[in-house]
$ cat final.txt   # compact mmCIF, C-alpha atoms and all ligand atoms
# COMPACT_ATOMS: atom_id res chain seq x y z
CA MET L 173 -9.06 32.94 -21.40
CA SER L 174 -10.18 35.57 -18.90
CA ASP L 175 -13.21 35.93 -16.65
CA ALA L 176 -14.07 32.26 -16.46
CA LYS L 177 -17.30 32.99 -14.60
CA THR L 178 -19.04 34.20 -17.72
CA PHE L 179 -18.60 30.92 -19.61
CA GLY L 180 -20.47 27.64 -19.33
CA PHE L 181 -18.95 24.24 -18.55
CA ASP L 182 -18.86 23.08 -22.18
CA THR L 183 -16.88 26.18 -23.18
CA LEU L 184 -14.52 26.01 -20.22
CA GLN L 185 -13.67 22.32 -20.75
CA ILE L 186 -12.21 23.33 -24.14
CA HIS L 187 -10.77 26.78 -23.45
CA ALA L 188 -9.95 27.27 -19.76
CA GLY L 189 -6.23 27.77 -19.20
CA ALA L 190 -5.36 27.59 -22.90
CA ARG L 191 -4.38 30.35 -25.29
CA PRO L 192 -2.66 30.27 -28.68
CA ASP L 193 1.02 29.55 -28.18
CA PRO L 194 2.74 32.96 -27.82
CA ALA L 195 5.78 31.87 -29.87
CA THR L 196 4.11 30.08 -32.81
CA GLY L 197 0.37 30.73 -32.64
CA ALA L 198 -0.22 26.97 -32.33
CA ARG L 199 -3.91 26.59 -31.50
CA GLN L 200 -3.74 23.23 -29.71
CA THR L 201 -1.66 23.37 -26.52
CA PRO L 202 1.86 22.26 -27.49
CA ILE L 203 3.65 19.50 -25.59
CA TYR L 204 6.50 21.47 -24.04
CA GLN L 205 8.89 18.54 -24.02
CA THR L 206 11.63 20.23 -22.05
CA THR L 207 13.28 19.68 -18.71
CA ALA L 208 14.58 23.20 -18.08
CA TYR L 209 13.95 26.85 -19.04
CA VAL L 210 16.55 29.53 -19.79
CA PHE L 211 16.68 32.35 -17.23
CA ARG L 212 16.67 35.91 -18.61
CA ASP L 213 19.61 36.76 -16.35
CA ALA L 214 21.00 35.98 -12.92
CA ASP L 215 18.53 38.32 -11.14
CA HIS L 216 15.59 36.61 -12.85
CA ALA L 217 16.90 33.21 -11.73
CA ALA L 218 17.32 34.42 -8.16
CA ALA L 219 13.81 35.88 -8.07
CA LEU L 220 12.34 32.60 -9.32
CA PHE L 221 14.22 30.56 -6.75
CA ASN L 222 13.08 32.96 -3.99
CA LEU L 223 9.43 32.55 -5.09
CA GLN L 224 9.35 36.33 -5.63
CA GLU L 225 8.45 35.83 -9.26
CA VAL L 226 6.34 33.06 -10.80
CA GLY L 227 7.88 31.33 -13.82
CA TYR L 228 9.45 28.19 -15.15
CA ILE L 229 12.62 26.72 -13.66
CA TYR L 230 12.60 22.95 -14.08
CA SER L 231 9.86 20.53 -15.14
CA ARG L 232 9.80 18.63 -11.84
CA LEU L 233 8.11 21.80 -10.51
CA THR L 234 6.26 23.38 -13.43
CA ASN L 235 5.81 22.87 -17.16
CA PRO L 236 3.67 24.98 -19.54
CA THR L 237 1.61 22.02 -20.86
CA VAL L 238 0.94 20.77 -17.34
CA ALA L 239 0.14 24.36 -16.25
CA VAL L 240 -2.68 24.58 -18.81
CA LEU L 241 -4.18 21.36 -17.47
CA GLN L 242 -3.86 22.63 -13.89
CA GLU L 243 -5.71 25.82 -14.73
CA ARG L 244 -8.37 23.92 -16.65
CA ILE L 245 -9.10 21.46 -13.83
CA ALA L 246 -9.07 24.25 -11.22
CA THR L 247 -11.57 26.23 -13.30
CA LEU L 248 -13.93 23.29 -13.88
CA GLU L 249 -13.88 22.46 -10.15
CA GLY L 250 -14.33 26.08 -9.05
CA GLY L 251 -10.98 26.18 -7.21
CA VAL L 252 -8.29 28.87 -7.08
CA GLY L 253 -5.48 26.57 -8.18
CA ALA L 254 -4.54 22.99 -8.93
CA VAL L 255 -1.43 20.86 -8.98
CA CYS L 256 -1.09 17.84 -11.24
CA CYS L 257 0.75 14.70 -10.20
CA SER L 258 1.91 11.43 -11.73
CA SER L 259 -1.15 9.42 -10.59
CA GLY L 260 -4.26 9.62 -8.46
CA HIS L 261 -2.45 7.92 -5.61
CA ALA L 262 0.35 10.47 -5.87
CA ALA L 263 -2.28 13.23 -5.64
CA GLN L 264 -3.61 11.74 -2.40
CA ILE L 265 -0.15 11.69 -0.79
CA MET L 266 0.53 15.21 -2.10
CA ALA L 267 -2.80 16.44 -0.67
CA LEU L 268 -2.00 15.06 2.78
CA PHE L 269 1.70 15.98 2.82
CA PRO L 270 1.38 19.68 3.88
CA LEU L 271 -1.23 18.81 6.51
CA MET L 272 0.33 15.83 8.23
CA GLY L 273 3.28 14.97 10.44
CA PRO L 274 4.28 11.94 12.50
CA GLY L 275 1.42 11.05 14.86
CA ALA L 276 -1.23 12.84 12.79
CA ASN L 277 -4.34 11.04 11.57
CA ILE L 278 -7.14 11.43 9.04
CA VAL L 279 -10.76 10.38 9.43
CA VAL L 280 -11.89 8.65 6.23
CA SER L 281 -14.98 7.01 4.81
CA THR L 282 -15.18 3.22 4.72
CA ARG L 283 -16.46 3.52 1.14
CA LEU L 284 -13.31 4.16 -0.87
CA TYR L 285 -11.48 2.89 -3.94
CA GLY L 286 -9.69 -0.36 -2.97
CA GLY L 287 -6.22 1.05 -3.65
CA THR L 288 -6.98 3.99 -1.38
CA VAL L 289 -8.00 1.64 1.44
CA THR L 290 -4.58 -0.02 1.16
CA GLN L 291 -2.72 3.30 0.89
CA PHE L 292 -4.50 4.68 3.97
CA SER L 293 -4.64 1.54 6.13
CA GLN L 294 -1.09 0.30 5.44
CA THR L 295 1.33 2.49 3.52
CA ILE L 296 0.89 5.89 5.17
CA ARG L 297 1.78 4.27 8.50
CA ARG L 298 5.39 4.23 7.30
CA PHE L 299 5.26 8.04 7.54
CA GLY L 300 3.85 7.89 11.06
CA TRP L 301 0.40 8.87 9.74
CA SER L 302 -2.77 6.87 10.28
CA ALA L 303 -6.38 6.72 9.09
CA LYS L 304 -9.57 5.97 11.00
CA PHE L 305 -12.25 4.36 8.81
CA VAL L 306 -15.81 5.41 9.66
CA ASP L 307 -19.28 5.07 8.10
CA PHE L 308 -19.84 8.60 6.73
CA ASP L 309 -23.62 8.21 6.97
CA ASP L 310 -23.10 8.21 10.76
CA LEU L 311 -22.13 11.83 11.47
CA ALA L 312 -21.85 11.20 15.21
CA ALA L 313 -19.32 8.43 14.51
CA VAL L 314 -17.32 10.74 12.23
CA GLU L 315 -17.22 13.39 14.94
CA ALA L 316 -16.33 10.83 17.62
CA ALA L 317 -13.38 9.61 15.52
CA VAL L 318 -11.86 13.10 15.34
CA ASP L 319 -9.23 13.78 18.01
CA GLU L 320 -6.61 16.47 18.65
CA ASN L 321 -4.25 14.83 16.14
CA THR L 322 -6.77 14.71 13.27
CA ARG L 323 -5.71 16.87 10.34
CA ALA L 324 -8.30 16.12 7.63
CA VAL L 325 -11.54 14.38 6.73
CA PHE L 326 -11.51 12.35 3.47
CA CYS L 327 -14.24 10.80 1.32
CA GLU L 328 -15.32 10.18 -2.30
CA ALA L 329 -18.26 12.11 -3.78
CA ILE L 330 -19.64 9.11 -5.66
CA ALA L 331 -17.89 6.21 -3.98
CA ASN L 332 -16.39 3.06 -5.32
CA PRO L 333 -17.56 0.42 -6.02
CA GLY L 334 -20.67 2.38 -6.88
CA GLY L 335 -24.13 2.97 -5.58
CA TYR L 336 -23.09 5.28 -2.76
CA ILE L 337 -23.32 9.08 -2.73
CA THR L 338 -21.71 10.96 0.16
CA ASP L 339 -23.77 13.71 1.80
CA LEU L 340 -21.04 16.29 1.13
CA ASP L 341 -23.04 19.18 2.61
CA ALA L 342 -23.40 17.43 5.96
CA ILE L 343 -19.77 16.22 6.08
CA ALA L 344 -18.44 19.65 5.05
CA ALA L 345 -20.50 21.39 7.74
CA LEU L 346 -19.14 18.98 10.34
CA ALA L 347 -15.51 19.36 9.18
CA ASP L 348 -15.97 23.13 9.24
CA ARG L 349 -17.30 23.07 12.79
CA LEU L 350 -14.32 20.92 13.85
CA GLY L 351 -11.84 23.26 12.10
CA LEU L 352 -10.65 20.56 9.70
CA PRO L 353 -10.17 20.58 5.92
CA LEU L 354 -12.44 18.25 3.94
CA ILE L 355 -10.71 16.42 1.07
CA VAL L 356 -13.03 14.90 -1.56
CA ASP L 357 -11.92 12.40 -4.19
CA ASN L 358 -14.07 13.42 -7.15
CA THR L 359 -12.73 10.83 -9.62
CA SER L 360 -15.96 8.89 -10.18
CA ALA L 361 -18.18 11.96 -10.43
CA THR L 362 -15.92 14.44 -12.31
CA PRO L 363 -16.65 18.17 -12.05
CA TYR L 364 -19.37 17.73 -14.67
CA LEU L 365 -21.56 15.70 -12.31
CA CYS L 366 -20.44 17.15 -8.97
CA ARG L 367 -18.41 20.14 -7.77
CA PRO L 368 -17.43 19.31 -4.18
CA ILE L 369 -16.13 22.84 -3.52
CA ASP L 370 -19.69 24.13 -4.05
CA HIS L 371 -20.69 21.79 -1.20
CA GLY L 372 -17.92 23.03 1.12
CA ALA L 373 -14.90 20.85 0.28
CA THR L 374 -11.46 22.35 1.03
CA LEU L 375 -9.47 20.24 -1.45
CA VAL L 376 -10.55 18.01 -4.32
CA VAL L 377 -8.35 15.17 -5.53
CA HIS L 378 -8.59 13.30 -8.82
CA SER L 379 -7.26 10.29 -10.57
CA THR L 380 -7.15 11.95 -14.00
CA THR L 381 -6.40 8.43 -15.26
CA LYS L 382 -10.16 7.80 -15.29
CA TYR L 383 -12.93 9.97 -16.76
CA LEU L 384 -10.93 13.22 -17.14
CA THR L 385 -8.58 11.58 -19.66
CA GLY L 386 -11.39 9.22 -20.52
CA ASN L 387 -9.76 6.79 -22.88
CA GLY L 388 -7.46 4.67 -20.74
CA THR L 389 -4.17 6.05 -22.06
CA VAL L 390 -2.24 7.73 -19.24
CA THR L 391 -2.10 7.81 -15.46
CA GLY L 392 -2.30 11.13 -13.67
CA GLY L 393 -3.69 12.93 -10.68
CA ALA L 394 -4.65 16.41 -9.53
CA ILE L 395 -5.29 18.31 -6.33
CA VAL L 396 -7.61 21.31 -6.54
CA ASP L 397 -7.47 23.97 -3.84
CA SER L 398 -10.68 25.83 -2.93
CA GLY L 399 -8.55 28.63 -1.44
CA ARG L 400 -11.08 28.91 1.38
CA PHE L 401 -9.42 27.25 4.36
CA ASP L 402 -7.77 29.35 7.07
CA TRP L 403 -4.50 27.43 7.51
CA SER L 404 -3.30 29.82 10.23
CA ALA L 405 -6.24 29.35 12.62
CA GLY L 406 -5.83 26.75 15.33
CA GLY L 407 -2.08 26.14 14.88
CA LYS L 408 -2.62 22.72 13.33
CA PHE L 409 -0.91 23.29 9.98
CA PRO L 410 2.60 24.65 10.64
CA SER L 411 3.87 23.71 7.16
CA LEU L 412 1.48 26.31 5.74
CA SER L 413 1.39 28.88 8.54
CA GLU L 414 4.86 28.81 10.13
CA PRO L 415 8.23 29.90 8.65
CA GLU L 416 9.56 27.40 6.07
CA PRO L 417 13.28 26.82 6.69
CA ALA L 418 13.84 25.66 3.10
CA TYR L 419 12.67 29.11 1.85
CA HIS L 420 14.50 31.44 4.25
CA GLY L 421 11.62 31.46 6.72
CA LEU L 422 8.86 32.24 4.20
CA LYS L 423 5.34 31.76 5.60
CA PHE L 424 3.19 30.28 2.82
CA HIS L 425 -0.22 31.31 4.15
CA GLU L 426 0.83 34.83 5.06
CA THR L 427 2.62 35.32 1.72
CA PHE L 428 0.29 33.58 -0.76
CA GLY L 429 -3.10 33.87 1.01
CA PRO L 430 -5.71 31.66 -0.67
CA LEU L 431 -3.02 30.16 -2.94
CA ALA L 432 -0.88 28.96 -0.02
CA PHE L 433 -1.70 25.29 -0.47
CA THR L 434 -1.12 25.38 -4.24
CA PHE L 435 2.22 27.17 -3.93
CA HIS L 436 3.36 24.86 -1.15
CA SER L 437 2.42 21.80 -3.24
CA ILE L 438 4.63 22.99 -6.08
CA ALA L 439 7.47 24.65 -4.19
CA VAL L 440 7.85 21.97 -1.51
CA GLY L 441 5.64 19.00 -2.52
CA LEU L 442 6.70 18.53 -6.14
CA ARG L 443 10.19 19.84 -5.48
CA ASP L 444 10.94 17.29 -2.77
CA LEU L 445 8.55 14.38 -3.42
CA GLY L 446 8.91 14.57 -7.21
CA MET L 447 5.53 12.99 -8.08
CA THR L 448 5.35 15.13 -11.21
CA MET L 449 3.00 14.73 -14.19
CA ASN L 450 4.87 14.67 -17.50
CA PRO L 451 3.80 16.96 -20.39
CA GLN L 452 2.78 14.04 -22.66
CA ALA L 453 0.30 12.83 -20.04
CA ALA L 454 -1.00 16.37 -19.57
CA HIS L 455 -1.56 16.61 -23.33
CA TYR L 456 -3.65 13.42 -23.47
CA THR L 457 -5.68 14.55 -20.49
CA LEU L 458 -6.26 18.02 -21.97
CA MET L 459 -7.59 16.39 -25.14
CA GLY L 460 -9.79 14.10 -23.07
CA ILE L 461 -11.28 16.92 -21.00
CA GLU L 462 -12.41 18.73 -24.17
CA THR L 463 -15.23 16.16 -24.46
CA LEU L 464 -15.85 15.50 -20.76
CA SER L 465 -19.45 16.74 -20.58
CA LEU L 466 -20.47 14.85 -23.73
CA ARG L 467 -18.95 11.64 -22.50
CA MET L 468 -20.38 11.94 -18.99
CA GLN L 469 -23.87 12.52 -20.38
CA ARG L 470 -23.60 9.30 -22.38
CA HIS L 471 -21.92 7.38 -19.52
CA VAL L 472 -24.84 8.28 -17.25
CA GLU L 473 -27.53 7.63 -19.89
CA ASN L 474 -26.07 4.18 -20.61
CA ALA L 475 -25.61 3.37 -16.92
CA VAL L 476 -29.29 4.10 -16.23
CA LYS L 477 -30.37 1.89 -19.17
CA VAL L 478 -28.09 -1.02 -18.27
CA ALA L 479 -28.83 -0.84 -14.52
CA THR L 480 -32.58 -0.70 -15.16
CA TRP L 481 -32.40 -3.72 -17.48
CA LEU L 482 -30.30 -5.71 -14.99
CA GLU L 483 -32.64 -4.88 -12.11
CA GLY L 484 -35.54 -6.38 -14.06
CA ASP L 485 -33.68 -9.58 -14.99
CA PRO L 486 -34.46 -12.75 -12.96
CA ARG L 487 -30.82 -13.90 -13.18
CA VAL L 488 -29.78 -10.86 -11.15
CA ASP L 489 -30.32 -10.62 -7.37
CA TYR L 490 -29.84 -6.89 -6.93
CA VAL L 491 -28.23 -3.81 -8.50
CA THR L 492 -26.57 -1.04 -6.43
CA TYR L 493 -26.79 2.09 -8.57
CA ALA L 494 -27.76 5.40 -6.96
CA GLY L 495 -29.44 6.40 -10.23
CA LEU L 496 -32.18 3.79 -9.65
CA PRO L 497 -35.22 4.74 -7.54
CA SER L 498 -34.66 1.52 -5.54
CA SER L 499 -31.32 2.86 -4.21
CA PRO L 500 -31.27 4.24 -0.65
CA TYR L 501 -29.07 7.05 -2.06
CA PHE L 502 -31.40 8.02 -4.91
CA ASP L 503 -32.60 11.07 -2.94
CA ARG L 504 -29.06 12.44 -2.65
CA VAL L 505 -28.51 12.46 -6.41
CA GLU L 506 -30.70 15.55 -6.89
CA ARG L 507 -28.70 17.56 -4.35
CA ILE L 508 -25.13 16.26 -4.77
CA CYS L 509 -24.88 15.24 -8.45
CA PRO L 510 -28.06 16.39 -10.22
CA LYS L 511 -26.77 15.53 -13.70
CA GLY L 512 -26.48 11.86 -12.78
CA ALA L 513 -25.12 9.27 -10.39
CA GLY L 514 -22.11 8.33 -12.51
CA ALA L 515 -21.56 5.12 -14.42
CA LEU L 516 -20.07 2.78 -11.87
CA PHE L 517 -22.14 0.18 -10.07
CA THR L 518 -22.27 -3.39 -8.88
CA PHE L 519 -24.77 -6.18 -9.29
CA ALA L 520 -25.20 -9.59 -7.70
CA VAL L 521 -25.51 -12.64 -9.93
CA ARG L 522 -27.71 -15.61 -9.01
CA GLY L 523 -25.30 -18.54 -8.79
CA GLY L 524 -22.60 -16.80 -6.75
CA TYR L 525 -18.85 -16.92 -7.28
CA GLU L 526 -18.89 -19.57 -10.04
CA ALA L 527 -21.53 -17.73 -12.06
CA CYS L 528 -19.60 -14.44 -11.74
CA VAL L 529 -16.41 -16.01 -13.04
CA LYS L 530 -18.31 -17.50 -16.00
CA LEU L 531 -20.05 -14.19 -16.65
CA VAL L 532 -16.75 -12.30 -16.80
CA ASP L 533 -15.28 -14.91 -19.16
CA GLY L 534 -18.39 -15.00 -21.36
CA LEU L 535 -18.58 -11.26 -22.12
CA GLU L 536 -17.37 -10.09 -25.51
CA LEU L 537 -17.72 -6.29 -25.47
CA PHE L 538 -16.97 -5.69 -21.78
CA SER L 539 -13.27 -5.96 -20.92
CA HIS L 540 -12.20 -7.67 -17.71
CA VAL L 541 -9.77 -5.10 -16.31
CA ALA L 542 -8.84 -3.35 -13.07
CA ASN L 543 -9.74 0.12 -14.29
CA LEU L 544 -12.76 2.40 -14.55
CA GLY L 545 -13.85 5.54 -16.33
CA ASP L 546 -12.87 4.43 -19.84
CA THR L 547 -14.91 5.05 -23.02
CA ARG L 548 -15.04 1.21 -23.17
CA SER L 549 -17.29 -0.76 -20.86
CA LEU L 550 -15.35 -2.63 -18.21
CA ILE L 551 -16.15 -5.35 -15.68
CA ILE L 552 -14.31 -6.76 -12.72
CA HIS L 553 -15.13 -9.59 -10.35
CA SER L 554 -13.57 -8.10 -7.24
CA ALA L 555 -13.71 -11.24 -5.08
CA SER L 556 -11.41 -13.16 -7.45
CA THR L 557 -9.12 -10.19 -8.24
CA THR L 558 -8.72 -6.86 -6.39
CA HIS L 559 -10.36 -8.09 -3.15
CA ARG L 560 -8.93 -11.64 -3.31
CA GLN L 561 -6.77 -11.24 -0.19
CA LEU L 562 -9.74 -10.27 2.02
CA THR L 563 -11.77 -12.66 4.16
CA PRO L 564 -15.35 -13.36 2.95
CA GLU L 565 -16.64 -11.05 5.72
CA GLN L 566 -14.32 -8.23 4.62
CA GLN L 567 -15.38 -8.79 1.00
CA VAL L 568 -19.04 -8.36 1.94
CA ALA L 569 -18.28 -5.22 3.99
CA ALA L 570 -16.37 -3.72 1.05
CA GLY L 571 -19.30 -4.31 -1.35
CA ALA L 572 -17.23 -7.00 -3.09
CA ALA L 573 -19.08 -10.14 -2.02
CA PRO L 574 -18.28 -13.31 -4.04
CA ASN L 575 -21.58 -13.02 -5.96
CA VAL L 576 -21.00 -9.37 -6.99
CA VAL L 577 -19.40 -7.88 -10.10
CA ARG L 578 -18.62 -4.20 -10.76
CA LEU L 579 -19.36 -2.50 -14.04
CA SER L 580 -17.89 0.70 -15.44
CA ILE L 581 -20.32 1.57 -18.20
CA GLY L 582 -18.76 3.05 -21.34
CA ILE L 583 -20.18 5.17 -24.13
CA GLU L 584 -20.95 2.40 -26.65
CA ASP L 585 -24.53 1.72 -27.81
CA ALA L 586 -26.50 0.75 -24.70
CA ASP L 587 -28.37 -1.94 -26.66
CA ASP L 588 -25.08 -3.65 -27.53
CA LEU L 589 -24.00 -3.60 -23.89
CA ILE L 590 -27.30 -5.10 -22.77
CA ALA L 591 -27.12 -7.79 -25.48
CA ASP L 592 -23.59 -8.70 -24.37
CA LEU L 593 -24.66 -8.99 -20.71
CA ASP L 594 -27.72 -11.01 -21.78
CA GLN L 595 -25.73 -13.65 -23.66
CA ALA L 596 -23.04 -13.89 -20.97
CA LEU L 597 -25.63 -14.17 -18.16
CA ALA L 598 -27.27 -16.99 -20.12
CA LYS L 599 -23.97 -18.90 -20.23
CA ALA L 600 -23.14 -18.08 -16.60
CA THR L 601 -26.43 -19.24 -15.11
CA ALA L 602 -27.19 -22.15 -17.49
C1 LIG R 701 -8.13 4.99 -9.74
C2 LIG R 701 -8.54 5.73 -8.55
C3 LIG R 701 -7.60 6.25 -7.66
C4 LIG R 701 -6.12 6.07 -7.86
O1 LIG R 701 -5.70 6.68 -9.03
P1 LIG R 701 -4.44 6.20 -9.92
O2 LIG R 701 -4.38 7.16 -11.03
O3 LIG R 701 -4.73 4.79 -10.35
O4 LIG R 701 -3.26 6.26 -9.00
C5 LIG R 701 -8.06 6.94 -6.56
N1 LIG R 701 -9.38 7.12 -6.34
C6 LIG R 701 -10.32 6.62 -7.18
C7 LIG R 701 -11.76 6.85 -6.88
C8 LIG R 701 -9.94 5.92 -8.31
O5 LIG R 701 -10.88 5.43 -9.13
$ encode --input "final.txt" --output "structure tokens" --more "lines below"
Ligand SMILES: *Cc1c(COP(=O)(O)O)cnc(C)c1O
Amino acid sequence: MSDAKTFGFDTLQIHAGARPDPATGARQTPIYQTTAYVFRDADHAAALFNLQEVGYIYSRLTNPTVAVLQERIATLEGGVGAVCCSSGHAAQIMALFPLMGPGANIVVSTRLYGGTVTQFSQTIRRFGWSAKFVDFDDLAAVEAAVDENTRAVFCEAIANPGGYITDLDAIAALADRLGLPLIVDNTSATPYLCRPIDHGATLVVHSTTKYLTGNGTVTGGAIVDSGRFDWSAGGKFPSLSEPEPAYHGLKFHETFGPLAFTFHSIAVGLRDLGMTMNPQAAHYTLMGIETLSLRMQRHVENAVKVATWLEGDPRVDYVTYAGLPSSPYFDRVERICPKGAGALFTFAVRGGYEACVKLVDGLELFSHVANLGDTRSLIIHSASTTHRQLTPEQQVAAGAAPNVVRLSIGIEDADDLIADLDQALAKATA
């Protein structure tokens, strides 16, 4: 499909990147279940390997089914290109890989998905990278954390475990002034609710495992490139601006301009790290994205109904959902995610840890799982599961106090969800 700018979101989520299969006319994007692609001749092969011509070589690098998904996600996010990966966590490593080197650090928000906190506080140290965790509502603290070895600023648009909206405009302006790329994890919001690039983000990362696929079938990730960052200014990003020995001294930024990051992620990142999305996963995610806007509308509508009901219930101490007027972040919704504050939030149960455990066990429709962004409604009691290893103080700081449960509201009938919570709360607080 050409000239994406003339089409609306609902059209693009179905058509962007896709065209009838040139060989067969197949209307749905085929699953190109192949590892390799036949070269036209030896010159064609050489040109592909030299990055002088764009085409298919081997599915660790590129695959036609995955390419459609990449173009679709890039279009929906307003980026110039995207690279898909095997998971959201893979996408985060792939996003940092061209920017970092031993001794480099990133400045990140304290309000992040639990797995990301572990990846950034522990695992990346094995590469000689580190992360500084800062409250992103405190811009002076963010700026103070940046030093000469900082290579990126990282946050979530709507942050886990819910109820927090990042002021992307303010953070992007600060990152810009400091000459640093801003990376935004847009998993919980999706491009339907928020487009971080419109607010100044350099790169957007996704766990496509969640709302983009939408039905809990496959893991995947994506990195979207805004194409707007000047990788050559300031000398901080030699992988993108300096000659690449593995490509006969090619300079990615000079050669590919705004697509430098995308090309580097495929030609070096996927080639050498191998965190590739497979075509089956891309197919499921493409099918999921076709209904993204419809699902997100219902997710948000249901989340508002359930959160409002919970807030009015005497068995509940408080609800942290930015879509409620009582939230300190309610004012940011209009500017950052005007179509809604997502469908992920926490609430505190009177009766503490014991009541939460009983609540989780007493629910019939809600599934107790470590996942989010499914069509099904999900619940997790973080203190007894994902945040079990933390001290009580750390649990409170992470928004996972012993008396708190997190909901991921699905697209079922809201009345059924409320009835299920009602009966389980009755058992839990009896
Ligand atoms: C799930 C999730 C991730 C990690 O994605 P995986 O696909 O599970 O690797 C990262 N960020 C957020 C906000 C998530 O919800």
$ residues_around --input "final.txt" --residues "stretch 486-497 of chain L" --least-positions-apart "5" --cutoff "7 Å" --atoms "all atoms listed in the file" --output "list of chain:residue names"
L:Gly334, L:Gly335, L:Tyr336, L:Val476, L:Ala479, L:Phe502, L:Gly512, L:Ala513, L:Phe517, L:Thr518, L:Phe519, L:Ala520, L:Val521, L:Arg522
$ write_last_selection --input "final.txt" --atoms "C-alpha atoms" --output "PDB file, in the coordinates of the input"
ATOM      1  CA  GLY L 334     -20.670   2.380  -6.880  1.00  0.00           C
ATOM      2  CA  GLY L 335     -24.130   2.970  -5.580  1.00  0.00           C
ATOM      3  CA  TYR L 336     -23.090   5.280  -2.760  1.00  0.00           C
ATOM      4  CA  VAL L 476     -29.290   4.100 -16.230  1.00  0.00           C
ATOM      5  CA  ALA L 479     -28.830  -0.840 -14.520  1.00  0.00           C
ATOM      6  CA  PHE L 502     -31.400   8.020  -4.910  1.00  0.00           C
ATOM      7  CA  GLY L 512     -26.480  11.860 -12.780  1.00  0.00           C
ATOM      8  CA  ALA L 513     -25.120   9.270 -10.390  1.00  0.00           C
ATOM      9  CA  PHE L 517     -22.140   0.180 -10.070  1.00  0.00           C
ATOM     10  CA  THR L 518     -22.270  -3.390  -8.880  1.00  0.00           C
ATOM     11  CA  PHE L 519     -24.770  -6.180  -9.290  1.00  0.00           C
ATOM     12  CA  ALA L 520     -25.200  -9.590  -7.700  1.00  0.00           C
ATOM     13  CA  VAL L 521     -25.510 -12.640  -9.930  1.00  0.00           C
ATOM     14  CA  ARG L 522     -27.710 -15.610  -9.010  1.00  0.00           C
TER      15      ARG L 522
END
$ closest_residue --input "final.txt" --among "L:Glu328, L:Asp310, L:Asp193, L:Glu462" --to "ligand LIG 701 (chain R)" --atoms "all atoms listed in the file"
L:Glu328
$ residues_around --input "final.txt" --residues "stretch 273-286 of chain L" --least-positions-apart "4" --cutoff "7 Å" --atoms "all atoms listed in the file" --output "list in words"
Thr290, Phe299, Gly300, Trp301, Ser302, Ala303, Lys304, Phe305, Val306, Asp307, Phe308, Ala317, Val318, Asn321, Thr322, Arg323, Ala324, Val325, Phe326, Cys327, Glu328, Ala331, Asn332 and Pro333 of chain L
$ closest_residue --input "final.txt" --among "L:Ser258, L:Tyr525, L:Asn543, L:Leu579" --to "L:Thr601" --atoms "all atoms listed in the file"
L:Tyr525
$ closest_residue --input "final.txt" --among "L:His471, L:His553, L:Arg504, L:Arg560" --to "L:Gly582" --atoms "only C-alpha atoms"
L:His471
$ residues_near_ligand --input "final.txt" --ligand "ligand LIG 701 (chain R)" --cutoff "10 Å" --atoms "only C-alpha atoms and all ligand atoms" --output "number ranges by chain"
L: 257-264, 283-289, 291, 327-334, 356-361, 377-383, 390-394, 516, 542-545
$ residues_around --input "final.txt" --residues "stretch 364-370 of chain L" --least-positions-apart "2" --cutoff "8 Å" --atoms "all atoms listed in the file" --output "JSON, numbers by chain"
{"L": [181, 248, 249, 250, 251, 329, 340, 356, 358, 361, 362, 372, 373, 374, 375, 376, 398, 464, 465, 468, 508, 509, 510, 511, 512, 513, 514]}
$ write_last_selection --input "final.txt" --atoms "C-alpha atoms" --output "compact mmCIF listing (two decimals), in the frame of the given file"
# COMPACT_ATOMS: atom_id res chain seq x y z
CA PHE L 181 -18.95 24.24 -18.55
CA LEU L 248 -13.93 23.29 -13.88
CA GLU L 249 -13.88 22.46 -10.15
CA GLY L 250 -14.33 26.08 -9.05
CA GLY L 251 -10.98 26.18 -7.21
CA ALA L 329 -18.26 12.11 -3.78
CA LEU L 340 -21.04 16.29 1.13
CA VAL L 356 -13.03 14.90 -1.56
CA ASN L 358 -14.07 13.42 -7.15
CA ALA L 361 -18.18 11.96 -10.43
CA THR L 362 -15.92 14.44 -12.31
CA GLY L 372 -17.92 23.03 1.12
CA ALA L 373 -14.90 20.85 0.28
CA THR L 374 -11.46 22.35 1.03
CA LEU L 375 -9.47 20.24 -1.45
CA VAL L 376 -10.55 18.01 -4.32
CA SER L 398 -10.68 25.83 -2.93
CA LEU L 464 -15.85 15.50 -20.76
CA SER L 465 -19.45 16.74 -20.58
CA MET L 468 -20.38 11.94 -18.99
CA ILE L 508 -25.13 16.26 -4.77
CA CYS L 509 -24.88 15.24 -8.45
CA PRO L 510 -28.06 16.39 -10.22
CA LYS L 511 -26.77 15.53 -13.70
CA GLY L 512 -26.48 11.86 -12.78
CA ALA L 513 -25.12 9.27 -10.39
CA GLY L 514 -22.11 8.33 -12.51
$ atom_distance --input "final.txt" --atom1 "atom CA of L:Thr206" --atom2 "atom CA of L:Asn235"
8.0 Å
$ axis_aligned_box --input "final.txt" --around "stretch 361-372 of chain L" --padding-each-side "4 Å" --output "JSON"
{"center_x": -18.7, "center_y": 18.0, "center_z": -6.8, "size_x": 13.6, "size_y": 20.2, "size_z": 23.8}
$ residues_around --input "final.txt" --residues "L:Pro192" --least-positions-apart "4" --cutoff "12 Å" --atoms "all atoms listed in the file" --output "PyMOL selection string"
chain L and resi 173+187-188+196-202+240
$ write_last_selection --input "final.txt" --atoms "C-alpha atoms" --output "compact mmCIF listing (two decimals), keeping the file's coordinate frame"
# COMPACT_ATOMS: atom_id res chain seq x y z
CA MET L 173 -9.06 32.94 -21.40
CA HIS L 187 -10.77 26.78 -23.45
CA ALA L 188 -9.95 27.27 -19.76
CA THR L 196 4.11 30.08 -32.81
CA GLY L 197 0.37 30.73 -32.64
CA ALA L 198 -0.22 26.97 -32.33
CA ARG L 199 -3.91 26.59 -31.50
CA GLN L 200 -3.74 23.23 -29.71
CA THR L 201 -1.66 23.37 -26.52
CA PRO L 202 1.86 22.26 -27.49
CA VAL L 240 -2.68 24.58 -18.81
